[in-house]
$ cat target-v6.cif   # mmCIF, C-alpha atoms
data_target
#
loop_
_atom_site.group_PDB
_atom_site.id
_atom_site.type_symbol
_atom_site.label_atom_id
_atom_site.label_comp_id
_atom_site.auth_asym_id
_atom_site.auth_seq_id
_atom_site.Cartn_x
_atom_site.Cartn_y
_atom_site.Cartn_z
ATOM 1 C CA MET D 1 -33.433 179.300 88.388
ATOM 2 C CA HIS D 2 -35.400 176.104 88.200
ATOM 3 C CA SER D 3 -33.770 172.663 88.754
ATOM 4 C CA ILE D 4 -33.975 170.160 85.925
ATOM 5 C CA LYS D 5 -34.936 166.592 86.843
ATOM 6 C CA ILE D 6 -33.533 163.842 84.636
ATOM 7 C CA ARG D 7 -35.446 160.582 84.646
ATOM 8 C CA LEU D 8 -33.423 157.522 83.623
ATOM 9 C CA PRO D 9 -35.114 154.511 82.028
ATOM 10 C CA LEU D 10 -35.811 151.711 84.489
ATOM 11 C CA ALA D 11 -33.736 149.202 82.493
ATOM 12 C CA LEU D 12 -30.679 151.465 82.664
ATOM 13 C CA ILE D 13 -31.060 151.798 86.429
ATOM 14 C CA LEU D 14 -31.294 148.025 86.854
ATOM 15 C CA PHE D 15 -28.222 147.495 84.649
ATOM 16 C CA ALA D 16 -26.183 149.962 86.728
ATOM 17 C CA ALA D 17 -27.284 148.270 89.935
ATOM 18 C CA LEU D 18 -26.352 144.825 88.579
ATOM 19 C CA ALA D 19 -22.932 146.067 87.447
ATOM 20 C CA SER D 20 -22.205 147.556 90.846
ATOM 21 C CA ALA D 21 -23.270 144.323 92.539
ATOM 22 C CA GLN D 22 -20.901 142.296 90.367
ATOM 23 C CA GLN D 23 -18.074 144.639 91.231
ATOM 24 C CA ALA D 24 -18.873 144.367 94.897
ATOM 25 C CA LYS D 25 -18.923 140.529 94.804
ATOM 26 C CA PRO D 26 -16.256 139.170 92.431
ATOM 27 C CA GLU D 27 -16.926 135.761 90.967
ATOM 28 C CA ALA D 28 -15.298 132.979 92.945
ATOM 29 C CA LYS D 29 -12.561 131.045 91.192
ATOM 30 C CA ALA D 30 -13.003 127.385 90.403
ATOM 31 C CA THR D 31 -11.251 124.915 92.679
ATOM 32 C CA TYR D 32 -9.944 121.390 92.290
ATOM 33 C CA VAL D 33 -12.350 118.557 93.072
ATOM 34 C CA GLY D 34 -10.178 115.506 92.324
ATOM 35 C CA SER D 35 -10.314 112.760 89.712
ATOM 36 C CA ALA D 36 -12.898 110.761 91.659
ATOM 37 C CA ALA D 37 -15.486 113.468 91.037
ATOM 38 C CA CYS D 38 -14.678 113.461 87.298
ATOM 39 C CA ALA D 39 -15.032 109.672 87.131
ATOM 40 C CA THR D 40 -18.630 109.908 88.370
ATOM 41 C CA CYS D 41 -19.766 111.019 84.905
ATOM 42 C CA HIS D 42 -16.741 110.232 82.732
ATOM 43 C CA ALA D 43 -16.233 106.599 83.754
ATOM 44 C CA ALA D 44 -14.921 105.410 80.360
ATOM 45 C CA ASN D 45 -12.255 108.103 80.202
ATOM 46 C CA ALA D 46 -11.295 107.477 83.813
ATOM 47 C CA LYS D 47 -10.759 103.758 83.150
ATOM 48 C CA ALA D 48 -8.719 104.491 80.022
ATOM 49 C CA LEU D 49 -6.592 107.030 81.870
ATOM 50 C CA ALA D 50 -5.909 104.507 84.632
ATOM 51 C CA LYS D 51 -4.293 102.212 82.028
ATOM 52 C CA SER D 52 -2.342 104.903 80.190
ATOM 53 C CA PRO D 53 1.084 106.451 80.897
ATOM 54 C CA HIS D 54 -0.687 109.561 82.188
ATOM 55 C CA GLN D 55 -1.712 107.580 85.265
ATOM 56 C CA ALA D 56 1.715 108.581 86.597
ATOM 57 C CA VAL D 57 0.335 112.110 87.037
ATOM 58 C CA GLU D 58 -2.413 110.731 89.260
ATOM 59 C CA ALA D 59 -0.080 108.658 91.412
ATOM 60 C CA SER D 60 2.806 111.104 91.809
ATOM 61 C CA ASP D 61 3.030 114.631 93.154
ATOM 62 C CA ARG D 62 6.010 115.457 90.937
ATOM 63 C CA HIS D 63 4.035 118.053 88.983
ATOM 64 C CA GLY D 64 1.637 118.956 91.809
ATOM 65 C CA PHE D 65 -1.407 117.113 90.447
ATOM 66 C CA ALA D 66 -1.516 113.957 92.592
ATOM 67 C CA GLY D 67 -5.121 112.776 92.651
ATOM 68 C CA LYS D 68 -6.063 115.433 90.106
ATOM 69 C CA ALA D 69 -4.823 114.010 86.801
ATOM 70 C CA CYS D 70 -7.967 115.038 84.906
ATOM 71 C CA GLU D 71 -7.726 118.622 86.115
ATOM 72 C CA SER D 72 -4.043 118.848 85.181
ATOM 73 C CA CYS D 73 -5.270 119.243 81.581
ATOM 74 C CA HIS D 74 -8.886 120.378 81.996
ATOM 75 C CA GLY D 75 -8.342 122.858 84.814
ATOM 76 C CA PRO D 76 -10.178 123.147 88.183
ATOM 77 C CA GLY D 77 -13.546 121.439 87.913
ATOM 78 C CA SER D 78 -15.695 122.747 90.783
ATOM 79 C CA LYS D 79 -17.845 124.976 88.518
ATOM 80 C CA HIS D 80 -18.333 122.217 85.977
ATOM 81 C CA VAL D 81 -19.380 119.795 88.715
ATOM 82 C CA ALA D 82 -21.930 122.319 89.986
ATOM 83 C CA THR D 83 -23.402 123.362 86.624
ATOM 84 C CA LEU D 84 -22.503 120.464 84.272
ATOM 85 C CA LEU D 85 -21.934 123.068 81.543
ATOM 86 C CA VAL D 86 -19.168 122.477 78.986
ATOM 87 C CA THR D 87 -18.369 126.185 79.127
ATOM 88 C CA ASP D 88 -17.292 125.789 82.757
ATOM 89 C CA ILE D 89 -14.441 123.368 81.987
ATOM 90 C CA ARG D 90 -11.387 123.592 79.767
ATOM 91 C CA ASN D 91 -11.244 121.276 76.741
ATOM 92 C CA PRO D 92 -7.674 121.096 75.313
ATOM 93 C CA ALA D 93 -8.985 119.681 72.025
ATOM 94 C CA LYS D 94 -10.903 122.921 71.395
ATOM 95 C CA LEU D 95 -8.167 125.348 72.394
ATOM 96 C CA PRO D 96 -5.881 127.082 69.885
ATOM 97 C CA PRO D 97 -2.911 124.804 69.061
ATOM 98 C CA ALA D 98 -0.420 127.064 70.848
ATOM 99 C CA GLU D 99 -2.407 126.875 74.097
ATOM 100 C CA THR D 100 -2.819 123.104 73.798
ATOM 101 C CA ASP D 101 0.935 122.704 73.346
ATOM 102 C CA ARG D 102 1.578 124.947 76.327
ATOM 103 C CA LEU D 103 -0.551 122.641 78.474
ATOM 104 C CA CYS D 104 1.295 119.516 77.342
ATOM 105 C CA LEU D 105 4.689 121.143 77.783
ATOM 106 C CA THR D 106 3.837 121.884 81.408
ATOM 107 C CA CYS D 107 4.996 118.318 82.076
ATOM 108 C CA HIS D 108 6.822 117.362 78.851
ATOM 109 C CA ARG D 109 8.996 120.454 78.433
ATOM 110 C CA ASN D 110 12.427 118.981 79.198
ATOM 111 C CA GLN D 111 11.989 115.488 77.798
ATOM 112 C CA PRO D 112 14.242 114.325 74.915
ATOM 113 C CA THR D 113 11.274 113.625 72.614
ATOM 114 C CA THR D 114 10.187 117.261 72.630
ATOM 115 C CA ALA D 115 13.607 118.776 71.942
ATOM 116 C CA GLY D 116 13.158 121.456 69.299
ATOM 117 C CA ARG D 117 9.367 121.291 69.482
ATOM 118 C CA LEU D 118 8.904 125.061 69.408
ATOM 119 C CA GLU D 119 11.157 125.401 66.343
ATOM 120 C CA ALA D 120 9.664 122.462 64.439
ATOM 121 C CA SER D 121 7.504 122.778 61.340
ATOM 122 C CA HIS D 122 4.650 120.969 63.088
ATOM 123 C CA ASP D 123 4.502 123.767 65.630
ATOM 124 C CA ARG D 124 4.750 126.510 62.992
ATOM 125 C CA ASN D 125 1.918 124.888 61.036
ATOM 126 C CA SER D 126 -0.352 124.788 64.109
ATOM 127 C CA VAL D 127 -0.258 121.020 64.516
ATOM 128 C CA ALA D 128 -1.033 120.552 68.207
ATOM 129 C CA CYS D 129 0.033 117.608 70.342
ATOM 130 C CA THR D 130 -3.538 116.307 70.436
ATOM 131 C CA THR D 131 -3.541 116.050 66.626
ATOM 132 C CA CYS D 132 -1.362 112.939 66.884
ATOM 133 C CA HIS D 133 -1.748 111.854 70.518
ATOM 134 C CA SER D 134 -5.008 110.470 71.898
ATOM 135 C CA ILE D 135 -4.989 111.271 75.618
ATOM 136 C CA HIS D 136 -7.982 109.093 76.583
ATOM 137 C CA ALA D 137 -7.128 106.122 74.338
ATOM 138 C CA HIS D 138 -7.330 102.632 75.797
ATOM 139 C CA GLY D 139 -4.362 100.357 76.444
ATOM 140 C CA PRO D 140 -0.941 100.828 78.068
ATOM 141 C CA ASP D 141 0.344 102.709 75.019
ATOM 142 C CA GLY D 142 -2.890 104.522 74.252
ATOM 143 C CA ALA D 143 -1.451 108.035 74.190
ATOM 144 C CA VAL D 144 1.167 107.057 71.587
ATOM 145 C CA THR D 145 0.708 104.995 68.441
ATOM 146 C CA ARG D 146 3.229 102.146 68.510
ATOM 147 C CA LYS D 147 2.606 99.809 65.571
ATOM 148 C CA ARG D 148 4.455 100.728 62.377
ATOM 149 C CA ALA D 149 1.365 100.493 60.191
ATOM 150 C CA ASP D 150 -0.606 102.745 62.547
ATOM 151 C CA ILE D 151 2.193 105.326 62.691
ATOM 152 C CA THR D 152 2.404 105.409 58.907
ATOM 153 C CA ALA D 153 -1.374 105.744 58.527
ATOM 154 C CA GLN D 154 -1.390 108.620 61.012
ATOM 155 C CA CYS D 155 1.326 110.542 59.168
ATOM 156 C CA GLU D 156 -0.283 109.890 55.788
ATOM 157 C CA GLY D 157 -3.420 111.623 57.032
ATOM 158 C CA CYS D 158 -1.659 114.947 56.360
ATOM 159 C CA HIS D 159 1.268 114.014 54.111
ATOM 160 C CA ILE D 160 -0.671 112.737 51.102
ATOM 161 C CA ASP D 161 2.169 113.545 48.671
ATOM 162 C CA VAL D 162 4.543 111.329 50.634
ATOM 163 C CA LYS D 163 1.980 108.529 50.621
ATOM 164 C CA MET D 164 1.878 108.712 46.837
ATOM 165 C CA ALA D 165 5.687 108.658 46.660
ATOM 166 C CA PHE D 166 5.707 105.263 48.352
ATOM 167 C CA ALA D 167 3.650 103.925 45.447
ATOM 168 C CA GLN D 168 6.790 104.220 43.271
ATOM 169 C CA PRO D 169 8.541 100.955 42.272
ATOM 170 C CA PHE D 170 11.751 101.766 44.190
ATOM 171 C CA LYS D 171 11.207 102.892 47.789
ATOM 172 C CA HIS D 172 11.929 102.292 51.426
ATOM 173 C CA PRO D 173 9.815 99.366 52.753
ATOM 174 C CA VAL D 174 7.328 101.577 54.596
ATOM 175 C CA PRO D 175 4.092 100.280 52.964
ATOM 176 C CA GLU D 176 5.203 96.736 53.755
ATOM 177 C CA GLY D 177 5.415 97.558 57.458
ATOM 178 C CA ALA D 178 9.167 96.998 57.772
ATOM 179 C CA MET D 179 9.691 100.705 58.548
ATOM 180 C CA SER D 180 7.639 103.656 59.734
ATOM 181 C CA CYS D 181 7.955 107.408 59.294
ATOM 182 C CA VAL D 182 9.493 107.931 62.746
ATOM 183 C CA ASP D 183 12.448 105.688 61.830
ATOM 184 C CA CYS D 184 13.712 108.614 59.750
ATOM 185 C CA HIS D 185 11.811 111.640 61.101
ATOM 186 C CA ASN D 186 11.412 113.074 64.587
ATOM 187 C CA PRO D 187 7.869 114.498 64.668
ATOM 188 C CA HIS D 188 8.632 116.604 67.751
ATOM 189 C CA GLY D 189 11.495 118.511 66.179
ATOM 190 C CA SER D 190 15.028 118.172 64.899
ATOM 191 C CA LEU D 191 18.000 120.362 64.161
ATOM 192 C CA ARG D 192 18.169 118.875 60.650
ATOM 193 C CA PRO D 193 15.867 119.863 57.750
ATOM 194 C CA GLY D 194 12.716 117.823 57.294
ATOM 195 C CA LEU D 195 12.653 116.822 60.977
ATOM 196 C CA MET D 196 15.255 114.190 60.127
ATOM 197 C CA GLN D 197 16.425 111.842 62.847
ATOM 198 C CA MET D 198 20.101 111.970 63.687
ATOM 199 C CA ALA D 199 22.535 109.084 64.123
ATOM 200 C CA SER D 200 25.668 109.205 66.257
ATOM 201 C CA ALA D 201 24.890 112.633 67.680
ATOM 202 C CA ASN D 202 24.832 114.824 64.551
ATOM 203 C CA GLU D 203 25.020 112.581 61.480
ATOM 204 C CA PRO D 204 22.069 112.056 59.117
ATOM 205 C CA GLY D 205 19.689 109.337 60.267
ATOM 206 C CA CYS D 206 20.323 107.420 57.036
ATOM 207 C CA PHE D 207 23.488 106.030 58.629
ATOM 208 C CA THR D 208 21.399 104.160 61.188
ATOM 209 C CA CYS D 209 20.697 101.549 58.493
ATOM 210 C CA HIS D 210 23.320 102.411 55.856
ATOM 211 C CA GLY D 211 26.339 102.287 58.133
ATOM 212 C CA ASP D 212 28.651 101.177 55.326
ATOM 213 C CA LYS D 213 28.278 104.633 53.786
ATOM 214 C CA ARG D 214 29.429 106.393 56.944
ATOM 215 C CA GLY D 215 32.767 108.210 56.934
ATOM 216 C CA PRO D 216 34.989 109.848 57.679
ATOM 217 C CA PHE D 217 36.747 109.077 54.423
ATOM 218 C CA THR D 218 40.256 110.066 53.484
ATOM 219 C CA PHE D 219 38.915 111.220 50.115
ATOM 220 C CA GLU D 220 35.396 112.509 50.421
ATOM 221 C CA HIS D 221 32.740 112.993 47.784
ATOM 222 C CA ALA D 222 31.701 116.568 48.452
ATOM 223 C CA PRO D 223 27.899 116.205 48.003
ATOM 224 C CA VAL D 224 27.757 113.538 50.710
ATOM 225 C CA ARG D 225 29.131 115.967 53.278
ATOM 226 C CA GLU D 226 27.594 119.208 52.000
ATOM 227 C CA GLU D 227 24.101 118.141 50.919
ATOM 228 C CA GLY D 228 23.694 114.616 52.225
ATOM 229 C CA CYS D 229 22.070 111.597 50.677
ATOM 230 C CA GLN D 230 19.250 113.641 49.127
ATOM 231 C CA SER D 231 21.657 115.159 46.620
ATOM 232 C CA CYS D 232 21.497 111.891 44.650
ATOM 233 C CA HIS D 233 18.608 109.913 46.149
ATOM 234 C CA VAL D 234 14.879 110.502 46.570
ATOM 235 C CA ALA D 235 14.187 109.520 50.149
ATOM 236 C CA HIS D 236 10.581 108.344 49.948
ATOM 237 C CA GLY D 237 10.355 106.701 46.566
ATOM 238 C CA SER D 238 11.456 106.937 42.960
ATOM 239 C CA ALA D 239 10.784 105.430 39.559
ATOM 240 C CA ASN D 240 14.563 105.015 39.167
ATOM 241 C CA PRO D 241 16.741 102.160 40.494
ATOM 242 C CA LYS D 242 18.567 102.865 43.767
ATOM 243 C CA MET D 243 15.990 105.641 44.322
ATOM 244 C CA LEU D 244 18.123 107.990 42.219
ATOM 245 C CA ILE D 245 16.975 111.468 41.221
ATOM 246 C CA ARG D 246 17.588 110.635 37.520
ATOM 247 C CA GLN D 247 16.858 107.566 35.463
ATOM 248 C CA GLU D 248 20.523 106.945 34.607
ATOM 249 C CA VAL D 249 23.628 107.067 36.786
ATOM 250 C CA ARG D 250 25.481 109.321 34.359
ATOM 251 C CA LEU D 251 22.694 111.896 34.474
ATOM 252 C CA VAL D 252 22.966 112.012 38.252
ATOM 253 C CA CYS D 253 26.730 112.614 37.971
ATOM 254 C CA LEU D 254 26.220 115.317 35.364
ATOM 255 C CA GLU D 255 24.144 117.300 37.834
ATOM 256 C CA CYS D 256 27.542 118.480 39.120
ATOM 257 C CA HIS D 257 30.140 117.192 36.653
ATOM 258 C CA ALA D 258 29.110 119.103 33.540
ATOM 259 C CA ASN D 259 29.514 122.428 31.747
ATOM 260 C CA LEU D 260 33.239 122.538 32.384
ATOM 261 C CA PRO D 261 35.568 123.999 29.738
ATOM 262 C CA VAL D 262 36.969 121.631 27.137
ATOM 263 C CA PRO D 263 40.789 121.702 26.847
ATOM 264 C CA ALA D 264 42.305 122.930 23.615
ATOM 265 C CA GLY D 265 42.547 120.134 21.069
ATOM 266 C CA ALA D 266 40.022 117.888 22.789
ATOM 267 C CA ARG D 267 37.108 116.406 20.896
ATOM 268 C CA GLN D 268 34.090 118.687 21.070
ATOM 269 C CA THR D 269 31.819 115.682 21.714
ATOM 270 C CA VAL D 270 33.400 115.197 25.121
ATOM 271 C CA THR D 271 31.076 115.962 28.043
ATOM 272 C CA GLY D 272 31.575 115.497 31.709
ATOM 273 C CA VAL D 273 34.586 116.229 33.847
ATOM 274 C CA VAL D 274 37.695 117.294 31.916
ATOM 275 C CA PRO D 275 40.545 116.679 32.104
ATOM 276 C CA PRO D 276 41.007 113.866 31.405
ATOM 277 C CA ALA D 277 39.296 114.246 28.057
ATOM 278 C CA PHE D 278 38.456 110.640 27.386
ATOM 279 C CA HIS D 279 35.029 110.779 29.092
ATOM 280 C CA ASP D 280 33.082 110.871 25.861
ATOM 281 C CA LEU D 281 29.575 110.147 27.089
ATOM 282 C CA THR D 282 28.352 109.625 23.552
ATOM 283 C CA SER D 283 30.209 106.309 23.791
ATOM 284 C CA PRO D 284 28.318 103.567 25.687
ATOM 285 C CA ARG D 285 31.437 102.511 27.606
ATOM 286 C CA PHE D 286 31.501 105.797 29.528
ATOM 287 C CA ARG D 287 27.802 106.047 30.314
ATOM 288 C CA ASN D 288 27.865 104.249 33.664
ATOM 289 C CA CYS D 289 30.237 106.262 35.814
ATOM 290 C CA THR D 290 30.140 103.817 38.721
ATOM 291 C CA ILE D 291 31.799 101.069 36.675
ATOM 292 C CA CYS D 292 35.085 102.876 37.332
ATOM 293 C CA HIS D 293 34.219 105.263 40.160
ATOM 294 C CA GLN D 294 32.910 102.595 42.495
ATOM 295 C CA LYS D 295 33.338 104.422 45.811
ATOM 296 C CA VAL D 296 30.979 107.285 45.082
ATOM 297 C CA HIS D 297 30.269 107.832 48.776
ATOM 298 C CA GLY D 298 33.953 108.212 49.641
ATOM 299 C CA SER D 299 37.254 106.363 49.457
ATOM 300 C CA HIS D 300 40.126 105.680 51.810
ATOM 301 C CA VAL D 301 42.705 105.009 49.100
ATOM 302 C CA ASP D 302 41.878 106.819 45.848
ATOM 303 C CA ARG D 303 41.377 110.530 45.222
ATOM 304 C CA ASN D 304 39.229 109.839 42.153
ATOM 305 C CA LEU D 305 37.005 107.432 44.087
ATOM 306 C CA LEU D 306 38.042 104.548 41.834
ATOM 307 C CA ARG D 307 38.454 102.042 44.640
#
$ encode --input "target-v6.cif" --output "structure tokens"
Amino acid sequence: MHSIKIRLPLALILFAALASAQQAKPEAKATYVGSAACATCHAANAKALAKSPHQAVEASDRHGFAGKACESCHGPGSKHVATLLVTDIRNPAKLPPAETDRLCLTCHRNQPTTAGRLEASHDRNSVACTTCHSIHAHGPDGAVTRKRADITAQCEGCHIDVKMAFAQPFKHPVPEGAMSCVDCHNPHGSLRPGLMQMASANEPGCFTCHGDKRGPFTFEHAPVREEGCQSCHVAHGSANPKMLIRQEVRLVCLECHANLPVPAGARQTVTGVVPPAFHDLTSPRFRNCTICHQKVHGSHVDRNLLR
């Protein structure tokens, strides 16, 4: 019986030899080189970082990155220093949003501003921390936008529909710079719908400014407790006075106080809450409900919210 000789192509032999060599000598892991090495090439970013709140990472060993603030976000830099290749360093701005957030939460996980971050709509919609925060920005507050006009402009970059709502004649004074979006919304997360800020622990943030509408009332108006201010008002802007959801007060009231049975013998033109049956809204004297029911947010003395 004759032996059969199999001749392999030279390229295949070289590939096998290279693979075995790589297995024999595993690639060395990158190591930390310190912020001074990064500043050699990235002088502008190093100067900006020295004036930003993130300088605390450089000066303190609380998170284990003293003297290595740059590498706390970008990872060990020894390979990048040796090759100067962008592929040998981590760039948080080019990572998937979930990984970018994970990096930021390494230090910011248990801070009050990030409470609810992982359950917030910004997180679910892949809006990373670096979308709003500029890590290398200049100035003492460079990482966070502070001026009201700048905050509003930043939010309007995504929320175009809200920007258009503030063009309505009746609105909160956001375009004028007297308020900003974060006065009412917590961009990092909230337990309330719409990332709403909370006042006095668990109340709607509206009460921060509209404290006269805060209860508890002896006689409550149910929508205020069950649905909140948005049951009658449009928060961002409206074409109607008082930012109401309808152009007339009576139409707002009829959102709930309508389609109830008419008592026997009552006039069939009566609409609204019955009894009593004298609320004939075809008559002008009954068309503004708040002339009589003045305490529409709640009353301490009258069940019918008259006073």
$ closest_residue --input "target-v6.cif" --among "D:Thr40, D:Lys147, D:Ala199, D:Gly64" --to "D:Gly211" --atoms "only C-alpha atoms"
D:Ala199
$ atom_distance --input "target-v6.cif" --atom1 "atom CA of D:Leu281" --atom2 "atom CA of D:Asp302"
22.7 Å
$ residues_around --input "target-v6.cif" --residues "D:Asn91" --least-positions-apart "4" --cutoff "10 Å" --atoms "only C-alpha atoms" --output "PyMOL selection string"
chain D and resi 73-75+86-87+95+100
$ atom_distance --input "target-v6.cif" --atom1 "atom CA of D:Val249" --atom2 "atom CA of D:Asn202"
28.9 Å
$ closest_residue --input "target-v6.cif" --among "D:Ser60, D:Thr106, D:Asn186, D:Ser35" --to "D:Val81" --atoms "all atoms listed in the file"
D:Ser35
$ resolve_selection --input "target-v6.cif" --expression "the PyMOL selection byres ((chain D and resi 71) around 9)" --output "PyMOL selection string"
chain D and resi 32-35+38+65+68-70+72-77+90
$ resolve_selection --input "target-v6.cif" --expression "the PyMOL selection byres ((chain D and resi 290) around 12)" --output "PDB file with C-alpha atoms, keeping the file's coordinate frame"
ATOM      1  CA  GLU D 248      20.523 106.945  34.607  1.00  0.00           C
ATOM      2  CA  VAL D 249      23.628 107.067  36.786  1.00  0.00           C
ATOM      3  CA  ARG D 250      25.481 109.321  34.359  1.00  0.00           C
ATOM      4  CA  LEU D 251      22.694 111.896  34.474  1.00  0.00           C
ATOM      5  CA  VAL D 252      22.966 112.012  38.252  1.00  0.00           C
ATOM      6  CA  CYS D 253      26.730 112.614  37.971  1.00  0.00           C
ATOM      7  CA  ARG D 285      31.437 102.511  27.606  1.00  0.00           C
ATOM      8  CA  PHE D 286      31.501 105.797  29.528  1.00  0.00           C
ATOM      9  CA  ARG D 287      27.802 106.047  30.314  1.00  0.00           C
ATOM     10  CA  ASN D 288      27.865 104.249  33.664  1.00  0.00           C
ATOM     11  CA  CYS D 289      30.237 106.262  35.814  1.00  0.00           C
ATOM     12  CA  ILE D 291      31.799 101.069  36.675  1.00  0.00           C
ATOM     13  CA  CYS D 292      35.085 102.876  37.332  1.00  0.00           C
ATOM     14  CA  HIS D 293      34.219 105.263  40.160  1.00  0.00           C
ATOM     15  CA  GLN D 294      32.910 102.595  42.495  1.00  0.00           C
ATOM     16  CA  LYS D 295      33.338 104.422  45.811  1.00  0.00           C
ATOM     17  CA  VAL D 296      30.979 107.285  45.082  1.00  0.00           C
ATOM     18  CA  HIS D 297      30.269 107.832  48.776  1.00  0.00           C
ATOM     19  CA  ASN D 304      39.229 109.839  42.153  1.00  0.00           C
ATOM     20  CA  LEU D 305      37.005 107.432  44.087  1.00  0.00           C
ATOM     21  CA  LEU D 306      38.042 104.548  41.834  1.00  0.00           C
ATOM     22  CA  ARG D 307      38.454 102.042  44.640  1.00  0.00           C
TER      23      ARG D 307
END
$ residues_near_point --input "target-v6.cif" --point "(23.0, 111.6, 59.7)" --cutoff "12 Å" --atoms "all atoms listed in the file" --output "count of residues only"
33
$ atom_distance --input "target-v6.cif" --atom1 "atom CA of D:Cys107" --atom2 "atom CA of D:His63"
7.0 Å
$ residues_around --input "target-v6.cif" --residues "D:Gln247" --least-positions-apart "4" --cutoff "12 Å" --atoms "all atoms listed in the file" --output "VMD selection string"
chain D and resid 170 232 to 234 238 to 243 251 to 253 288
$ resolve_selection --input "target-v6.cif" --expression "the PyMOL selection byres ((chain D and resi 126) around 12)" --output "list in words"
Leu95, Pro96, Pro97, Ala98, Glu99, Thr100, Asp101, Arg117, Leu118, Glu119, Ala120, Ser121, His122, Asp123, Arg124, Asn125, Val127, Ala128, Cys129, Thr130 and Thr131 of chain D
$ axis_aligned_box --input "target-v6.cif" --around "stretch 164-176 of chain D" --padding-each-side "8 Å" --output "lines of an AutoDock Vina configuration file"
center_x = 6.9
center_y = 102.7
center_z = 48.4
size_x = 26.1
size_y = 28.0
size_z = 28.3
$ residues_around --input "target-v6.cif" --residues "stretch 217-219 of chain D" --least-positions-apart "4" --cutoff "7 Å" --atoms "only C-alpha atoms" --output "PDB file with C-alpha atoms, in the coordinates of the input"
ATOM      1  CA  GLY D 298      33.953 108.212  49.641  1.00  0.00           C
ATOM      2  CA  SER D 299      37.254 106.363  49.457  1.00  0.00           C
ATOM      3  CA  HIS D 300      40.126 105.680  51.810  1.00  0.00           C
ATOM      4  CA  ASP D 302      41.878 106.819  45.848  1.00  0.00           C
ATOM      5  CA  ARG D 303      41.377 110.530  45.222  1.00  0.00           C
TER       6      ARG D 303
END
$ residues_around --input "target-v6.cif" --residues "D:Ala66" --least-positions-apart "4" --cutoff "9 Å" --atoms "all atoms listed in the file" --output "ChimeraX atom specification"
/D:34,56-62
$ write_last_selection --input "target-v6.cif" --atoms "C-alpha atoms" --output "mmCIF file, in the frame of the given file"
data_model
loop_
_atom_site.group_PDB
_atom_site.id
_atom_site.type_symbol
_atom_site.label_atom_id
_atom_site.label_comp_id
_atom_site.auth_asym_id
_atom_site.auth_seq_id
_atom_site.Cartn_x
_atom_site.Cartn_y
_atom_site.Cartn_z
ATOM 1 C CA GLY D 34 -10.178 115.506 92.324
ATOM 2 C CA ALA D 56 1.715 108.581 86.597
ATOM 3 C CA VAL D 57 0.335 112.110 87.037
ATOM 4 C CA GLU D 58 -2.413 110.731 89.260
ATOM 5 C CA ALA D 59 -0.080 108.658 91.412
ATOM 6 C CA SER D 60 2.806 111.104 91.809
ATOM 7 C CA ASP D 61 3.030 114.631 93.154
ATOM 8 C CA ARG D 62 6.010 115.457 90.937
#
$ decode --input "target-v6.cif" --residues "stretch 168-179 of chain D" --atoms "N, CA and C atoms" --output "mmCIF file, in the first residue's frame"
data_model
loop_
_atom_site.group_PDB
_atom_site.id
_atom_site.type_symbol
_atom_site.label_atom_id
_atom_site.label_comp_id
_atom_site.auth_asym_id
_atom_site.auth_seq_id
_atom_site.Cartn_x
_atom_site.Cartn_y
_atom_site.Cartn_z
ATOM 1 N N GLN D 168 -47.436 80.013 20.987
ATOM 2 C CA GLN D 168 -48.838 80.341 21.227
ATOM 3 C C GLN D 168 -48.942 81.628 22.061
ATOM 4 N N PRO D 169 -50.071 82.328 21.975
ATOM 5 C CA PRO D 169 -50.202 83.611 22.699
ATOM 6 C C PRO D 169 -50.213 83.480 24.215
ATOM 7 N N PHE D 170 -50.672 82.334 24.750
ATOM 8 C CA PHE D 170 -50.722 82.144 26.194
ATOM 9 C C PHE D 170 -49.791 80.980 26.542
ATOM 10 N N LYS D 171 -48.775 81.246 27.354
ATOM 11 C CA LYS D 171 -47.718 80.257 27.585
ATOM 12 C C LYS D 171 -46.961 80.591 28.858
ATOM 13 N N HIS D 172 -46.155 79.656 29.291
ATOM 14 C CA HIS D 172 -45.193 79.943 30.347
ATOM 15 C C HIS D 172 -44.068 80.804 29.747
ATOM 16 N N PRO D 173 -43.453 81.673 30.545
ATOM 17 C CA PRO D 173 -42.462 82.627 29.988
ATOM 18 C C PRO D 173 -41.107 81.977 29.715
ATOM 19 N N VAL D 174 -41.100 80.900 28.954
ATOM 20 C CA VAL D 174 -39.841 80.237 28.614
ATOM 21 C C VAL D 174 -39.095 80.983 27.503
ATOM 22 N N PRO D 175 -39.742 81.380 26.399
ATOM 23 C CA PRO D 175 -39.010 82.112 25.356
ATOM 24 C C PRO D 175 -38.422 83.425 25.849
ATOM 25 N N GLU D 176 -39.046 84.016 26.866
ATOM 26 C CA GLU D 176 -38.540 85.284 27.390
ATOM 27 C C GLU D 176 -37.348 85.107 28.323
ATOM 28 N N GLY D 177 -37.012 83.875 28.652
ATOM 29 C CA GLY D 177 -35.863 83.612 29.503
ATOM 30 C C GLY D 177 -36.158 83.648 30.985
ATOM 31 N N ALA D 178 -37.422 83.800 31.371
ATOM 32 C CA ALA D 178 -37.775 83.807 32.789
ATOM 33 C C ALA D 178 -37.845 82.401 33.368
ATOM 34 N N MET D 179 -37.978 81.396 32.517
ATOM 35 C CA MET D 179 -38.007 79.993 32.921
ATOM 36 C C MET D 179 -37.205 79.174 31.924
#
